[in-house]
Number of protein chains: 2
Amino acid sequence: MTYCVGLKLNEGLVLLSDTRTNAGLDNISCYRKMFLWEEPGERVIAIMTAGSLSVTQTTIARLDEAIDDEYADETTSIMRAPNMLRVATIIGDTLCRTRREISDQCRDLKQQASASMIVAGQRKGGDMRLFLIYPEGNFIEATEDTPFLQIGEHKYGKPILDRVVTPETSLADAQKAVLLSMDSTLRSNLSVGMPLDLAVIRNDDCRVSSQRRIQDGDPDFAEMSATWSAALRDSFTKVTL
Amino acid sequence: MTYCVGLKLNEGLVLLSDTRTNAGLDNISCYRKMFLWEEPGERVIAIMTAGSLSVTQTTIARLDEAIDDEYADETTSIMRAPNMLRVATIIGDTLCRTRREISDQCRDLKQQASASMIVAGQRKGGDMRLFLIYPEGNFIEATEDTPFLQIGEHKYGKPILDRVVTPETSLADAQKAVLLSMDSTLRSNLSVGMPLDLAVIRNDDCRVSSQRRIQDGDPDFAEMSATWSAALRDSFTKVTL
């Protein structure tokens, strides 16, 4: 399993992903699920992935191959696409094709291979965009009403986002919100695990403004988690029935 | 969908269920999912249900029929079974048989019918017990380490239970905890809906010590929900990253 969450706020994009990959509970590995491309000041693209590792790795590899291809053009390379909508379309098409091929290979075993992705970014002169790409390649987009998108194990961490995230949320508060959302998920689902990858893309920076890997035992994250637990228990005592 | 939660605490059992039943999003109904039997001072049994309404209603009807049968004995009637383990076994067997019959009827349509149940209660002289009965009829039991069981849409409401519920939790705090757990679920999943049924069975009472239906718009529940939201947002501001 996986948990990835992306926020589209007035001030910028905030992205967080875990790194646990498992094939059964007895086969756990650590793989980065956040991928970043940038031509600083011109274009920044982030992808977060959930699902079968063979599908997500092959999709990312094909996107990279298309970028490096000597005949790359605006219809094949996410670094040449004229806007984020075309970027999402290229990624959706690549994901759909890869998923179909691998599912076809798995058919004899009656196994399914699938994946979904969150795509975020901005092209200079355009708006920031945040998409959720389905395994079929179609996608939805974050809006003012619903400024966040999640993939993977999204339920445990949704209540905190529902309560505190609006487009006006500051980037500092937004990073807290996604980390607390992840904290609730980590506590409840073993198949979501540290370390975490956190990235921020400020509006109109058109680059990765900041990124950070949060390791297991990170003192800031541990303190935030402990403070939140204590504050929750304190809040609980204030509520009367 | 459904959300039901049961807590087994040193002071007693606390049970909460919603009442929404849906066949598709365009066909929503209200059905009680909590069923209570008692011979006050001698025996109390509670069942909460999740899953196909035809399976749960038929199972409950068969349990009632077995209680009223003139040949009822300790192997067929939950009101004559010598202890809660036997009660859980009778319910599990009845659920499994009913589910199989209905699934068989549905086979032509390639539809599945399934259900799970939470069973709680106490027989005079025995311990309070809390079971989760799977569609196959087998079951697990709440313990000191894990004093709560959930069926249906359990994920949104689990973080709060993980954080505040222990066997030492008071019955007053436990009722708050399950209602806040339900509150998070109601906000996130349309297929879980008001009114709610809340019941408390004090240890050694061997009867339903209190029960209450909480209607949509209930002022106490609304105030609790608002206070909790405000306290959460307040807690959020206290956390630093």
# chains A, B, ... in the order shown; residues from 1 in each chain; ligands from 1

call {"tool": "select_by_dssp", "arguments": {"residues": "region 119-154 of chain A", "states": "strand (DSSP E or B)", "output": "count of residues only"}}
result
18

call {"tool": "interface_residues", "arguments": {"of": "chain B", "to": "chain A", "cutoff": "8 Å", "atoms": "only C-alpha atoms", "output": "PyMOL selection string"}}
result
chain B and resi 155-159+163-164+176+184+187-188+220-221+224+227-229+231-233+235-236+238-241

call {"tool": "write_last_selection", "arguments": {"atoms": "C-alpha atoms", "output": "mmCIF file, in the first residue's frame"}}
result
data_model
loop_
_atom_site.group_PDB
_atom_site.id
_atom_site.type_symbol
_atom_site.label_atom_id
_atom_site.label_comp_id
_atom_site.auth_asym_id
_atom_site.auth_seq_id
_atom_site.Cartn_x
_atom_site.Cartn_y
_atom_site.Cartn_z
ATOM 1 C CA LYS B 155 -11.088 3.586 8.800
ATOM 2 C CA TYR B 156 -12.084 7.233 9.225
ATOM 3 C CA GLY B 157 -13.067 6.684 12.840
ATOM 4 C CA LYS B 158 -10.163 4.502 13.946
ATOM 5 C CA PRO B 159 -7.457 7.114 14.717
ATOM 6 C CA ARG B 163 -5.533 7.336 20.694
ATOM 7 C CA VAL B 164 -8.015 7.484 23.564
ATOM 8 C CA LYS B 176 -17.715 10.425 23.756
ATOM 9 C CA SER B 184 -15.434 11.672 11.644
ATOM 10 C CA ARG B 187 -18.267 13.678 7.618
ATOM 11 C CA SER B 188 -16.301 11.534 5.196
ATOM 12 C CA ASP B 220 -26.007 17.579 22.289
ATOM 13 C CA PHE B 221 -24.409 15.712 19.403
ATOM 14 C CA MET B 224 -20.099 17.926 20.813
ATOM 15 C CA THR B 227 -16.605 21.660 20.164
ATOM 16 C CA TRP B 228 -14.442 18.836 18.850
ATOM 17 C CA SER B 229 -13.894 20.584 15.523
ATOM 18 C CA ALA B 231 -10.622 21.914 19.693
ATOM 19 C CA LEU B 232 -8.971 20.096 16.789
ATOM 20 C CA ARG B 233 -8.301 23.323 14.955
ATOM 21 C CA SER B 235 -4.726 21.772 18.687
ATOM 22 C CA PHE B 236 -3.506 22.161 15.133
ATOM 23 C CA LYS B 238 -0.287 24.352 18.866
ATOM 24 C CA VAL B 239 1.692 21.862 16.815
ATOM 25 C CA THR B 240 4.942 23.186 15.400
ATOM 26 C CA LEU B 241 6.968 21.682 12.626
#

call {"tool": "closest_atom_pairs", "arguments": {"of": "region 171-212 of chain B", "to": "region 140-150 of chain B", "cutoff": "12 Å", "atoms": "only C-alpha atoms", "output": "Markdown table"}}
result
| residue | atom | partner | partner_atom | distance |
| --- | --- | --- | --- | --- |
| B:Ala174 | CA | B:Phe148 | CA | 10.4 |
| B:Ala177 | CA | B:Phe148 | CA | 11.0 |
| B:Val178 | CA | B:Phe148 | CA | 9.8 |
| B:Ser181 | CA | B:Gln150 | CA | 10.6 |
| B:Met182 | CA | B:Gln150 | CA | 10.9 |

call {"tool": "closest_residue", "arguments": {"among": "B:Ile118, B:Met128, B:Ile102, B:Leu53", "to": "Asp205 (chain B)", "atoms": "only C-alpha atoms"}}
result
B:Met128

call {"tool": "atom_distance", "arguments": {"atom1": "CA of Arg97 (chain A)", "atom2": "CA of Arg62 (chain A)"}}
result
10.5 Å

call {"tool": "atom_distance", "arguments": {"atom1": "CA of Gln112 (chain A)", "atom2": "CA of Thr59 (chain A)"}}
result
16.2 Å

call {"tool": "residues_around", "arguments": {"residues": "Gly41 (chain B)", "least_positions_apart": "5", "cutoff": "9 Å", "atoms": "only C-alpha atoms", "output": "list in words"}}
result
Arg123, Lys124, Asp204, Asp205, Cys206 and Arg207 of chain B

call {"tool": "write_last_selection", "arguments": {"atoms": "C-alpha atoms", "output": "PDB file, in the first residue's frame"}}
result
ATOM      1  CA  ARG B 123     -24.466 -14.115  30.996  1.00  0.00           C
ATOM      2  CA  LYS B 124     -24.855 -13.912  34.768  1.00  0.00           C
ATOM      3  CA  ASP B 204     -22.567  -7.385  35.817  1.00  0.00           C
ATOM      4  CA  ASP B 205     -25.819  -5.504  35.136  1.00  0.00           C
ATOM      5  CA  CYS B 206     -26.775  -8.273  32.689  1.00  0.00           C
ATOM      6  CA  ARG B 207     -29.264  -5.873  31.121  1.00  0.00           C
TER       7      ARG B 207
END

call {"tool": "closest_residue", "arguments": {"among": "B:Arg213, B:Met84, B:Leu171, B:Val192", "to": "Asn10 (chain B)", "atoms": "only C-alpha atoms"}}
result
B:Leu171

call {"tool": "closest_residue", "arguments": {"among": "B:Ser170, B:Ser103, B:Ser77, B:Ser191", "to": "Asn27 (chain B)", "atoms": "only C-alpha atoms"}}
result
B:Ser191

call {"tool": "residues_around", "arguments": {"residues": "Glu101 (chain A)", "least_positions_apart": "6", "cutoff": "12 Å", "atoms": "only C-alpha atoms", "output": "list in words"}}
result
Ser54, Val55, Thr58, Thr59, Thr94, Leu95, Arg107, Gln112, Ala113 and Ser114 of chain A

call {"tool": "select_by_dssp", "arguments": {"residues": "region 77-222 of chain A", "states": "alpha helix (DSSP H)", "output": "NGL selection string"}}
result
:A and (84-106 or 158-164 or 171-188 or 219-222)

call {"tool": "residues_around", "arguments": {"residues": "Phe35 (chain A)", "least_positions_apart": "5", "cutoff": "12 Å", "atoms": "only C-alpha atoms", "output": "ChimeraX atom specification"}}
result
/A:15-17,19,44-49,56-57,59-61,63-64,117-121,197-199,208,211

call {"tool": "write_last_selection", "arguments": {"atoms": "N, CA and C atoms", "output": "mmCIF file, in the first residue's frame"}}
result
data_model
loop_
_atom_site.group_PDB
_atom_site.id
_atom_site.type_symbol
_atom_site.label_atom_id
_atom_site.label_comp_id
_atom_site.auth_asym_id
_atom_site.auth_seq_id
_atom_site.Cartn_x
_atom_site.Cartn_y
_atom_site.Cartn_z
ATOM 1 N N LEU A 15 3.342 18.529 -1.349
ATOM 2 C CA LEU A 15 3.253 17.107 -1.709
ATOM 3 C C LEU A 15 3.953 16.262 -0.660
ATOM 4 N N LEU A 16 3.325 15.145 -0.311
ATOM 5 C CA LEU A 16 3.935 14.242 0.667
ATOM 6 C C LEU A 16 3.669 12.797 0.245
ATOM 7 N N SER A 17 4.703 11.966 0.313
ATOM 8 C CA SER A 17 4.531 10.544 -0.007
ATOM 9 C C SER A 17 5.316 9.700 0.979
ATOM 10 N N THR A 19 7.186 5.690 1.512
ATOM 11 C CA THR A 19 8.138 4.957 0.661
ATOM 12 C C THR A 19 7.998 3.442 0.782
ATOM 13 N N VAL A 44 8.014 23.069 -13.727
ATOM 14 C CA VAL A 44 8.261 22.074 -12.683
ATOM 15 C C VAL A 44 7.120 21.066 -12.716
ATOM 16 N N ILE A 45 7.486 19.786 -12.602
ATOM 17 C CA ILE A 45 6.490 18.708 -12.633
ATOM 18 C C ILE A 45 6.826 17.719 -11.520
ATOM 19 N N ALA A 46 5.821 17.329 -10.758
ATOM 20 C CA ALA A 46 6.001 16.304 -9.729
ATOM 21 C C ALA A 46 4.993 15.195 -9.970
ATOM 22 N N ILE A 47 5.443 13.965 -9.784
ATOM 23 C CA ILE A 47 4.532 12.810 -9.843
ATOM 24 C C ILE A 47 4.690 12.029 -8.552
ATOM 25 N N MET A 48 3.570 11.638 -7.950
ATOM 26 C CA MET A 48 3.587 10.677 -6.848
ATOM 27 C C MET A 48 2.803 9.450 -7.304
ATOM 28 N N THR A 49 3.262 8.272 -6.876
ATOM 29 C CA THR A 49 2.710 7.034 -7.434
ATOM 30 C C THR A 49 2.162 6.102 -6.356
ATOM 31 N N THR A 56 4.357 1.360 -11.962
ATOM 32 C CA THR A 56 4.791 2.744 -11.714
ATOM 33 C C THR A 56 6.225 2.950 -12.199
ATOM 34 N N GLN A 57 7.112 1.998 -11.936
ATOM 35 C CA GLN A 57 8.503 2.165 -12.381
ATOM 36 C C GLN A 57 8.596 2.221 -13.903
ATOM 37 N N THR A 59 6.264 3.098 -15.989
ATOM 38 C CA THR A 59 5.673 4.348 -16.471
ATOM 39 C C THR A 59 6.656 5.504 -16.328
ATOM 40 N N ILE A 60 7.291 5.620 -15.160
ATOM 41 C CA ILE A 60 8.265 6.698 -14.939
ATOM 42 C C ILE A 60 9.443 6.542 -15.911
ATOM 43 N N ALA A 61 9.902 5.307 -16.101
ATOM 44 C CA ALA A 61 11.027 5.079 -17.007
ATOM 45 C C ALA A 61 10.669 5.498 -18.437
ATOM 46 N N LEU A 63 8.413 7.755 -19.291
ATOM 47 C CA LEU A 63 8.325 9.223 -19.340
ATOM 48 C C LEU A 63 9.725 9.817 -19.476
ATOM 49 N N ASP A 64 10.692 9.247 -18.719
ATOM 50 C CA ASP A 64 12.085 9.713 -18.811
ATOM 51 C C ASP A 64 12.673 9.446 -20.197
ATOM 52 N N MET A 117 -1.789 7.876 -9.968
ATOM 53 C CA MET A 117 -0.740 8.878 -9.755
ATOM 54 C C MET A 117 -1.338 10.236 -9.415
ATOM 55 N N ILE A 118 -0.582 11.005 -8.653
ATOM 56 C CA ILE A 118 -0.896 12.420 -8.474
ATOM 57 C C ILE A 118 0.158 13.195 -9.272
ATOM 58 N N VAL A 119 -0.311 14.131 -10.077
ATOM 59 C CA VAL A 119 0.587 14.958 -10.891
ATOM 60 C C VAL A 119 0.385 16.415 -10.493
ATOM 61 N N ALA A 120 1.466 17.088 -10.202
ATOM 62 C CA ALA A 120 1.396 18.493 -9.793
ATOM 63 C C ALA A 120 2.447 19.276 -10.550
ATOM 64 N N GLY A 121 2.204 20.550 -10.755
ATOM 65 C CA GLY A 121 3.252 21.345 -11.381
ATOM 66 C C GLY A 121 2.747 22.656 -11.933
ATOM 67 N N ASP A 197 8.768 11.622 1.895
ATOM 68 C CA ASP A 197 9.291 12.673 1.016
ATOM 69 C C ASP A 197 8.300 13.828 0.977
ATOM 70 N N LEU A 198 8.792 14.999 1.328
ATOM 71 C CA LEU A 198 7.953 16.201 1.396
ATOM 72 C C LEU A 198 8.518 17.236 0.426
ATOM 73 N N ALA A 199 7.658 17.794 -0.408
ATOM 74 C CA ALA A 199 8.128 18.821 -1.355
ATOM 75 C C ALA A 199 7.138 19.975 -1.390
ATOM 76 N N VAL A 208 11.216 23.338 -7.790
ATOM 77 C CA VAL A 208 10.954 22.735 -6.488
ATOM 78 C C VAL A 208 11.499 23.695 -5.442
ATOM 79 N N GLN A 211 12.522 20.656 -0.681
ATOM 80 C CA GLN A 211 12.194 19.244 -0.526
ATOM 81 C C GLN A 211 12.994 18.675 0.615
#

call {"tool": "closest_residue", "arguments": {"among": "A:Ala23, A:Ala72, A:Ile28, A:Leu36", "to": "Ser210 (chain A)", "atoms": "only C-alpha atoms"}}
result
A:Leu36

call {"tool": "atom_distance", "arguments": {"atom1": "CA of Gly51 (chain A)", "atom2": "CA of Tyr3 (chain B)"}}
result
27.0 Å

call {"tool": "decode", "arguments": {"residues": "region 110-140 of chain A", "atoms": "C-alpha atoms", "output": "PDB file, in the first residue's frame"}}
result
ATOM      1  CA  LYS A 110      -5.317 -14.095 -12.912  1.00  0.00           C
ATOM      2  CA  GLN A 111      -3.455 -11.239 -11.262  1.00  0.00           C
ATOM      3  CA  GLN A 112      -4.173  -7.588 -11.816  1.00  0.00           C
ATOM      4  CA  ALA A 113      -1.545  -4.886 -12.027  1.00  0.00           C
ATOM      5  CA  SER A 114      -2.716  -1.348 -11.533  1.00  0.00           C
ATOM      6  CA  ALA A 115      -1.535   2.072 -10.423  1.00  0.00           C
ATOM      7  CA  SER A 116      -2.681   5.636  -9.940  1.00  0.00           C
ATOM      8  CA  MET A 117      -0.740   8.878  -9.755  1.00  0.00           C
ATOM      9  CA  ILE A 118      -0.896  12.420  -8.474  1.00  0.00           C
ATOM     10  CA  VAL A 119       0.587  14.958 -10.891  1.00  0.00           C
ATOM     11  CA  ALA A 120       1.396  18.493  -9.793  1.00  0.00           C
ATOM     12  CA  GLY A 121       3.252  21.345 -11.381  1.00  0.00           C
ATOM     13  CA  GLN A 122       3.331  24.631 -13.207  1.00  0.00           C
ATOM     14  CA  ARG A 123       4.503  25.896 -16.550  1.00  0.00           C
ATOM     15  CA  LYS A 124       5.704  29.503 -16.633  1.00  0.00           C
ATOM     16  CA  GLY A 125       2.789  31.759 -17.520  1.00  0.00           C
ATOM     17  CA  GLY A 126       0.238  29.109 -16.599  1.00  0.00           C
ATOM     18  CA  ASP A 127      -1.544  28.222 -13.381  1.00  0.00           C
ATOM     19  CA  MET A 128      -0.396  25.630 -10.879  1.00  0.00           C
ATOM     20  CA  ARG A 129      -2.343  22.407 -11.450  1.00  0.00           C
ATOM     21  CA  LEU A 130      -2.892  19.281  -9.387  1.00  0.00           C
ATOM     22  CA  PHE A 131      -4.316  16.110 -10.973  1.00  0.00           C
ATOM     23  CA  LEU A 132      -5.205  12.614  -9.860  1.00  0.00           C
ATOM     24  CA  ILE A 133      -4.627  10.159 -12.718  1.00  0.00           C
ATOM     25  CA  TYR A 134      -6.645   6.950 -12.632  1.00  0.00           C
ATOM     26  CA  PRO A 135      -5.309   3.564 -13.811  1.00  0.00           C
ATOM     27  CA  GLU A 136      -7.344   4.005 -17.007  1.00  0.00           C
ATOM     28  CA  GLY A 137      -5.456   7.223 -17.791  1.00  0.00           C
ATOM     29  CA  ASN A 138      -8.341   9.636 -17.248  1.00  0.00           C
ATOM     30  CA  PHE A 139      -7.975  12.212 -14.520  1.00  0.00           C
ATOM     31  CA  ILE A 140      -9.610  14.680 -12.168  1.00  0.00           C
TER      32      ILE A 140
END
